[in-house]
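All remarks here apply to the structure that follows.
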Amino acid sequence: MPELPEVAGLRAFLDAKLRGAVLTKVQITSFAVLKTADPPYSVLEGRTVVGVRRFGKFLDLDLDGVHFLFHLAKAGWLRFTENPSPAPLRPGSGPIAARLAFTAAPSAAADGAASKTAFDLTEAGHKKSLAVYVVRDPQEVPGIASLGPDPLTPEFTREVFDGVLSASQQIKGLLRSQSVVAGIGNAYSDEILHAAKISPFAIAKTLDDGSKDRLFAAIGEVLGEAVESAVGKAPGELKDSKRNSMRVHGRTGQTCPVCGDSVREVSFADTALQYCPGCQTNGKILADRRTSKFLK
């Protein structure tokens with residue numbers, strides 16, 4: 001699932017490519033992804049992209065005050081195309097759920113001619129969660145209206161963070177809650193907790209001051225470094241960049257680069273987390289939830 005750093009990379013890429021371009025055609029080939037009806041998506045055509053913003057894991061194309069927003073969910077992605085084919089898409093014919101085609105201003109092209117670009121929103125697998133919204137105000141999208149503070153903004157202060165940690169909740173789940181902290185998902189919560197040397201099942205309000213200090217610092221450092229790596233990359237490069245940067249997430253059985261212990265996994269019904277016993281649980285192995293209770 002794309003998380004804050006990858007979405008930040010996509011935002012920077014799209015803003016550089018599309019700011020000032022005119023949206024000439026919108027094709028929705030999977031109407032299940034479209035979550036709004038008013039205004040109709042057809043009103044976007046002919047409007048100019050004035051900027052691209054990020055809200056947590058949501059991306060927002062501002063088209064003269066009407067907003068095309070999307071959330072890539074677990075298996076969605078964005079595919080950008082130079083000189084796209086003019087042939088119309090057939091509904092239900094493949095992984096493409098939506099296509100937006102643009103014409104750049106002539107002055108933006110090196111040869112003075114208007115250039116054409118497009119991007120597709122795609123989704124793999126059978127479980128469809130990709131979501132598209134067309135609204136006049138991003139706050140009309142429930143998932144955006146309920147977002148917690150963005151961890152890479154000045155509003156995410158230590159005081160705000162201490163308030164987050166007052167919950168009687170396991171810290172792994174708390175970090176993933178979008179209403180608590182915007183943009184962190186399964187992968188980066190694993191990486192943050194590893195960097196902070198905290199068990200994923202520690203209860204937030206029981207953390208001591210030293211653990212809180214490490215966790216607050218780790219959030220900024222892990223996400224900051226990942227965003228710095230993501231910005232400037234094309235969409236096709238972001239997934240590999242993310243995988244290559246992980247120390248524990250997705251590396252079950254491999255050697256922890258910090259302490260040399262083996263990275264372990266806890267599996268759930270539809271997901272899994274990874275952690276290092278040597279760094280995070282004083283050597284204790286967390287039991288698999290599918291077979292027994294967690295070891296604290």
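A note on labels: chains of the structure tokens are A, B, ... as shown, every chain counts residues from 1, and ligands are counted from 1 in their shown order.
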Test item, strand (DSSP E or B) assignment across range 34-157 of chain A, answer as an mmCIF file with C-alpha atoms, in the first residue's frame:
```
data_model
loop_
_atom_site.group_PDB
_atom_site.id
_atom_site.type_symbol
_atom_site.label_atom_id
_atom_site.label_comp_id
_atom_site.auth_asym_id
_atom_site.auth_seq_id
_atom_site.Cartn_x
_atom_site.Cartn_y
_atom_site.Cartn_z
ATOM 1 C CA LEU A 34 -16.181 6.854 -8.026
ATOM 2 C CA THR A 48 -6.534 23.857 -15.669
ATOM 3 C CA VAL A 49 -4.463 22.118 -12.995
ATOM 4 C CA VAL A 50 -3.484 24.844 -10.537
ATOM 5 C CA GLY A 51 -1.695 22.502 -8.137
ATOM 6 C CA VAL A 52 -1.419 19.044 -6.615
ATOM 7 C CA ARG A 53 -1.667 18.517 -2.852
ATOM 8 C CA ARG A 54 -1.408 15.626 -0.446
ATOM 9 C CA PHE A 55 -3.729 14.890 2.474
ATOM 10 C CA PHE A 58 -4.918 11.084 -0.503
ATOM 11 C CA LEU A 59 -3.807 13.031 -3.586
ATOM 12 C CA ASP A 60 -5.704 16.117 -4.739
ATOM 13 C CA LEU A 61 -5.601 17.672 -8.208
ATOM 14 C CA ASP A 62 -7.014 21.194 -7.915
ATOM 15 C CA LEU A 63 -8.629 22.047 -11.247
ATOM 16 C CA VAL A 66 -12.930 21.657 -8.430
ATOM 17 C CA HIS A 67 -10.942 18.825 -6.915
ATOM 18 C CA PHE A 68 -10.170 15.365 -8.269
ATOM 19 C CA LEU A 69 -9.033 13.326 -5.275
ATOM 20 C CA PHE A 70 -7.990 9.704 -5.084
ATOM 21 C CA HIS A 71 -6.789 7.163 -2.548
ATOM 22 C CA GLY A 76 -3.882 0.778 -6.454
ATOM 23 C CA TRP A 77 -1.191 2.610 -8.382
ATOM 24 C CA LEU A 78 -0.658 5.456 -10.825
ATOM 25 C CA ARG A 79 0.811 4.984 -14.306
ATOM 26 C CA PHE A 80 1.941 8.129 -16.132
ATOM 27 C CA THR A 81 2.141 8.199 -19.940
ATOM 28 C CA GLU A 82 3.706 10.626 -22.382
ATOM 29 C CA ILE A 96 -7.314 0.514 -15.391
ATOM 30 C CA ALA A 97 -10.063 2.127 -13.303
ATOM 31 C CA ALA A 98 -9.695 5.694 -14.559
ATOM 32 C CA ARG A 99 -7.700 7.706 -17.080
ATOM 33 C CA LEU A 100 -7.116 11.453 -17.100
ATOM 34 C CA ALA A 101 -5.680 13.041 -20.254
ATOM 35 C CA PHE A 102 -4.042 16.465 -20.328
ATOM 36 C CA THR A 103 -2.696 19.011 -22.776
ATOM 37 C CA LYS A 116 -0.196 15.525 -24.397
ATOM 38 C CA THR A 117 0.120 13.420 -21.270
ATOM 39 C CA ALA A 118 -2.134 11.133 -19.256
ATOM 40 C CA PHE A 119 -2.192 9.068 -16.139
ATOM 41 C CA ASP A 120 -4.064 5.880 -15.365
ATOM 42 C CA LEU A 121 -5.260 4.788 -11.959
ATOM 43 C CA THR A 122 -4.894 1.012 -11.805
ATOM 44 C CA GLU A 123 -5.796 -1.630 -9.267
ATOM 45 C CA ALA A 131 -11.405 5.433 -4.364
ATOM 46 C CA VAL A 132 -11.977 8.553 -6.495
ATOM 47 C CA TYR A 133 -13.803 11.718 -5.437
ATOM 48 C CA VAL A 134 -14.832 14.848 -7.348
ATOM 49 C CA VAL A 135 -15.678 17.633 -4.894
#
```
Ala167 in chain A: which residues within 8 Å, counting only C-alpha atoms, same-chain residues fewer than 6 positions away excluded, as a PyMOL selection string? chain A and resi 203-205
From the set A:Gly220, A:Leu193, A:Val266, A:Arg176, which residue has the shortest atom-to-atom contact distance to Pro154 in chain A, counting only C-alpha atoms? A:Gly220
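Excluding Pro277 in chain A and any residue on its chain fewer than 5 positions from it, the residues at most 12 Å away by only C-alpha atoms are A:Leu193, A:His194, A:Lys197, A:Ile198, A:Ser199, A:Pro200, A:Val248, A:Thr252, A:Gly253, A:Thr255, A:Cys256, A:Val258, A:Cys259, A:Gly260, A:Asp261, A:Ser262, A:Val263, A:Arg264, A:Glu265, A:Val266, A:Asn282, A:Gly283, A:Lys284, A:Ile285, A:Leu286, A:Ala287, A:Leu295, A:Lys296.
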Using N, CA, C and O atoms, can you write the selected residues to a file as an mmCIF file, in the first residue's frame?
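Result written to part_34.cif:
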```
data_model
loop_
_atom_site.group_PDB
_atom_site.id
_atom_site.type_symbol
_atom_site.label_atom_id
_atom_site.label_comp_id
_atom_site.auth_asym_id
_atom_site.auth_seq_id
_atom_site.Cartn_x
_atom_site.Cartn_y
_atom_site.Cartn_z
ATOM 1 N N LEU A 193 8.876 1.800 14.493
ATOM 2 C CA LEU A 193 8.998 1.114 15.778
ATOM 3 C C LEU A 193 10.344 0.408 15.901
ATOM 4 O O LEU A 193 10.921 0.346 16.994
ATOM 5 N N HIS A 194 10.863 -0.098 14.799
ATOM 6 C CA HIS A 194 12.198 -0.704 14.841
ATOM 7 C C HIS A 194 13.247 0.357 15.160
ATOM 8 O O HIS A 194 14.131 0.147 16.002
ATOM 9 N N LYS A 197 13.110 1.226 18.733
ATOM 10 C CA LYS A 197 13.365 0.095 19.631
ATOM 11 C C LYS A 197 12.181 -0.156 20.568
ATOM 12 O O LYS A 197 12.330 -0.325 21.783
ATOM 13 N N ILE A 198 10.993 -0.199 19.994
ATOM 14 C CA ILE A 198 9.761 -0.392 20.755
ATOM 15 C C ILE A 198 8.991 -1.569 20.172
ATOM 16 O O ILE A 198 8.850 -1.694 18.952
ATOM 17 N N SER A 199 8.444 -2.416 21.036
ATOM 18 C CA SER A 199 7.617 -3.527 20.597
ATOM 19 C C SER A 199 6.358 -3.012 19.912
ATOM 20 O O SER A 199 5.753 -2.039 20.374
ATOM 21 N N PRO A 200 5.925 -3.671 18.835
ATOM 22 C CA PRO A 200 4.696 -3.218 18.183
ATOM 23 C C PRO A 200 3.461 -3.364 19.062
ATOM 24 O O PRO A 200 2.445 -2.723 18.817
ATOM 25 N N VAL A 248 13.185 -3.834 8.323
ATOM 26 C CA VAL A 248 12.509 -5.019 8.863
ATOM 27 C C VAL A 248 11.245 -5.367 8.079
ATOM 28 O O VAL A 248 10.928 -6.547 7.917
ATOM 29 N N THR A 252 11.153 -10.837 6.663
ATOM 30 C CA THR A 252 11.084 -11.965 7.592
ATOM 31 C C THR A 252 12.180 -12.977 7.311
ATOM 32 O O THR A 252 12.394 -13.389 6.164
ATOM 33 N N GLY A 253 12.902 -13.369 8.368
ATOM 34 C CA GLY A 253 13.965 -14.351 8.252
ATOM 35 C C GLY A 253 15.320 -13.779 7.897
ATOM 36 O O GLY A 253 16.336 -14.482 8.015
ATOM 37 N N THR A 255 18.540 -10.970 8.293
ATOM 38 C CA THR A 255 19.303 -10.467 9.427
ATOM 39 C C THR A 255 19.027 -8.996 9.668
ATOM 40 O O THR A 255 19.066 -8.187 8.732
ATOM 41 N N CYS A 256 18.731 -8.656 10.904
ATOM 42 C CA CYS A 256 18.549 -7.245 11.253
ATOM 43 C C CYS A 256 19.853 -6.505 11.021
ATOM 44 O O CYS A 256 20.908 -6.917 11.529
ATOM 45 N N VAL A 258 20.866 -3.869 12.307
ATOM 46 C CA VAL A 258 21.313 -3.154 13.506
ATOM 47 C C VAL A 258 21.968 -4.088 14.508
ATOM 48 O O VAL A 258 23.073 -3.836 14.983
ATOM 49 N N CYS A 259 21.274 -5.191 14.835
ATOM 50 C CA CYS A 259 21.797 -6.056 15.907
ATOM 51 C C CYS A 259 22.185 -7.455 15.440
ATOM 52 O O CYS A 259 22.811 -8.205 16.204
ATOM 53 N N GLY A 260 21.812 -7.853 14.231
ATOM 54 C CA GLY A 260 22.184 -9.162 13.718
ATOM 55 C C GLY A 260 21.208 -10.277 14.033
ATOM 56 O O GLY A 260 21.396 -11.413 13.583
ATOM 57 N N ASP A 261 20.166 -10.001 14.811
ATOM 58 C CA ASP A 261 19.132 -10.999 15.089
ATOM 59 C C ASP A 261 18.322 -11.241 13.811
ATOM 60 O O ASP A 261 18.418 -10.494 12.839
ATOM 61 N N SER A 262 17.481 -12.273 13.819
ATOM 62 C CA SER A 262 16.617 -12.561 12.675
ATOM 63 C C SER A 262 15.318 -11.772 12.784
ATOM 64 O O SER A 262 14.695 -11.732 13.856
ATOM 65 N N VAL A 263 14.915 -11.181 11.684
ATOM 66 C CA VAL A 263 13.646 -10.462 11.648
ATOM 67 C C VAL A 263 12.513 -11.480 11.725
ATOM 68 O O VAL A 263 12.517 -12.493 11.027
ATOM 69 N N ARG A 264 11.536 -11.200 12.595
ATOM 70 C CA ARG A 264 10.403 -12.100 12.811
ATOM 71 C C ARG A 264 9.110 -11.482 12.294
ATOM 72 O O ARG A 264 9.045 -10.290 12.024
ATOM 73 N N GLU A 265 8.074 -12.323 12.222
ATOM 74 C CA GLU A 265 6.790 -11.885 11.681
ATOM 75 C C GLU A 265 5.650 -12.312 12.596
ATOM 76 O O GLU A 265 5.696 -13.379 13.204
ATOM 77 N N VAL A 266 4.632 -11.492 12.676
ATOM 78 C CA VAL A 266 3.362 -11.865 13.280
ATOM 79 C C VAL A 266 2.310 -11.726 12.197
ATOM 80 O O VAL A 266 2.164 -10.661 11.591
ATOM 81 N N ASN A 282 13.516 -7.216 23.691
ATOM 82 C CA ASN A 282 14.482 -7.838 24.613
ATOM 83 C C ASN A 282 14.656 -9.325 24.319
ATOM 84 O O ASN A 282 14.834 -10.142 25.233
ATOM 85 N N GLY A 283 14.592 -9.674 23.059
ATOM 86 C CA GLY A 283 14.816 -11.049 22.648
ATOM 87 C C GLY A 283 13.588 -11.931 22.659
ATOM 88 O O GLY A 283 13.639 -13.074 22.184
ATOM 89 N N LYS A 284 12.468 -11.452 23.183
ATOM 90 C CA LYS A 284 11.249 -12.258 23.232
ATOM 91 C C LYS A 284 10.619 -12.371 21.839
ATOM 92 O O LYS A 284 10.614 -11.420 21.078
ATOM 93 N N ILE A 285 10.063 -13.531 21.575
ATOM 94 C CA ILE A 285 9.384 -13.773 20.305
ATOM 95 C C ILE A 285 7.887 -13.552 20.514
ATOM 96 O O ILE A 285 7.289 -14.112 21.435
ATOM 97 N N LEU A 286 7.282 -12.738 19.670
ATOM 98 C CA LEU A 286 5.844 -12.508 19.737
ATOM 99 C C LEU A 286 5.119 -13.656 19.052
ATOM 100 O O LEU A 286 5.450 -14.016 17.926
ATOM 101 N N ALA A 287 4.137 -14.220 19.741
ATOM 102 C CA ALA A 287 3.412 -15.362 19.187
ATOM 103 C C ALA A 287 2.519 -14.921 18.043
ATOM 104 O O ALA A 287 1.989 -13.811 18.036
ATOM 105 N N LEU A 295 2.712 -12.506 23.089
ATOM 106 C CA LEU A 295 3.601 -12.409 24.234
ATOM 107 C C LEU A 295 3.957 -10.951 24.407
ATOM 108 O O LEU A 295 4.342 -10.295 23.460
ATOM 109 N N LYS A 296 3.815 -10.448 25.576
ATOM 110 C CA LYS A 296 4.053 -9.034 25.830
ATOM 111 C C LYS A 296 5.522 -8.807 26.184
ATOM 112 O O LYS A 296 6.133 -9.646 26.832
#
```
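For the pair CA of Ser241 in chain A and CA of Leu273 in chain A, the separation is 19.4 Å.
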Residue among A:His126, A:Gly56, A:Ile144, A:Ala87 lying closest to Val181 in chain A, counting only C-alpha atoms: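 Residue with the minimum atom-to-atom distance to Val181 in chain A: A:Gly56.
DSSP annotation of range 69-175 of chain A from backbone atoms: alpha helix (DSSP H) residues are Pro142, Gly143, Ile144, Ala145, Arg158, Glu159, Val160, Phe161, Asp162, Gly163, Val164, Ile171, Lys172, Gly173, Leu174 and Leu175 of chain A.
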Selection from above, N, CA, C and O atoms, as a short mmCIF file (atom, residue, chain, number, x, y, z; two decimals), in the first residue's frame, can you write it?
```
data_model
loop_
_atom_site.label_atom_id
_atom_site.label_comp_id
_atom_site.auth_asym_id
_atom_site.auth_seq_id
_atom_site.Cartn_x
_atom_site.Cartn_y
_atom_site.Cartn_z
N PRO A 142 -14.96 12.24 3.53
CA PRO A 142 -14.92 11.84 4.94
C PRO A 142 -13.53 11.43 5.43
O PRO A 142 -13.14 11.77 6.54
N GLY A 143 -12.80 10.70 4.59
CA GLY A 143 -11.48 10.26 5.00
C GLY A 143 -10.49 11.38 5.20
O GLY A 143 -9.52 11.24 5.95
N ILE A 144 -10.70 12.50 4.53
CA ILE A 144 -9.84 13.67 4.70
C ILE A 144 -10.29 14.49 5.90
O ILE A 144 -9.48 14.96 6.70
N ALA A 145 -11.60 14.66 6.04
CA ALA A 145 -12.13 15.45 7.15
C ALA A 145 -11.75 14.86 8.50
O ALA A 145 -11.61 15.60 9.49
N ARG A 158 5.51 18.01 19.80
CA ARG A 158 5.67 17.00 20.86
C ARG A 158 4.46 17.01 21.78
O ARG A 158 4.03 15.95 22.27
N GLU A 159 3.87 18.15 22.00
CA GLU A 159 2.68 18.22 22.84
C GLU A 159 1.53 17.45 22.20
O GLU A 159 0.81 16.70 22.88
N VAL A 160 1.35 17.63 20.90
CA VAL A 160 0.31 16.89 20.18
C VAL A 160 0.60 15.40 20.25
O VAL A 160 -0.30 14.57 20.49
N PHE A 161 1.84 15.03 20.07
CA PHE A 161 2.24 13.63 20.09
C PHE A 161 2.00 13.00 21.46
O PHE A 161 1.51 11.87 21.55
N ASP A 162 2.32 13.72 22.51
CA ASP A 162 2.07 13.20 23.86
C ASP A 162 0.58 12.95 24.08
O ASP A 162 0.20 12.00 24.77
N GLY A 163 -0.26 13.78 23.48
CA GLY A 163 -1.70 13.55 23.57
C GLY A 163 -2.09 12.26 22.87
O GLY A 163 -2.95 11.51 23.35
N VAL A 164 -1.47 11.99 21.73
CA VAL A 164 -1.73 10.75 21.00
C VAL A 164 -1.38 9.54 21.86
O VAL A 164 -2.09 8.53 21.88
N ILE A 171 0.71 0.32 20.31
CA ILE A 171 1.31 1.43 19.57
C ILE A 171 1.32 1.19 18.07
O ILE A 171 1.16 2.12 17.27
N LYS A 172 1.44 -0.05 17.64
CA LYS A 172 1.41 -0.36 16.20
C LYS A 172 0.08 0.09 15.58
O LYS A 172 0.06 0.79 14.56
N GLY A 173 -1.02 -0.30 16.19
CA GLY A 173 -2.33 0.08 15.67
C GLY A 173 -2.57 1.57 15.77
O GLY A 173 -3.21 2.16 14.89
N LEU A 174 -2.06 2.19 16.81
CA LEU A 174 -2.25 3.63 17.00
C LEU A 174 -1.56 4.42 15.88
O LEU A 174 -2.13 5.36 15.32
N LEU A 175 -0.35 4.04 15.55
CA LEU A 175 0.38 4.74 14.49
C LEU A 175 -0.31 4.59 13.14
O LEU A 175 -0.22 5.48 12.30
#
```
d(CA of Val227 in chain A, CA of Met246 in chain A) in Å: 13.3 Å
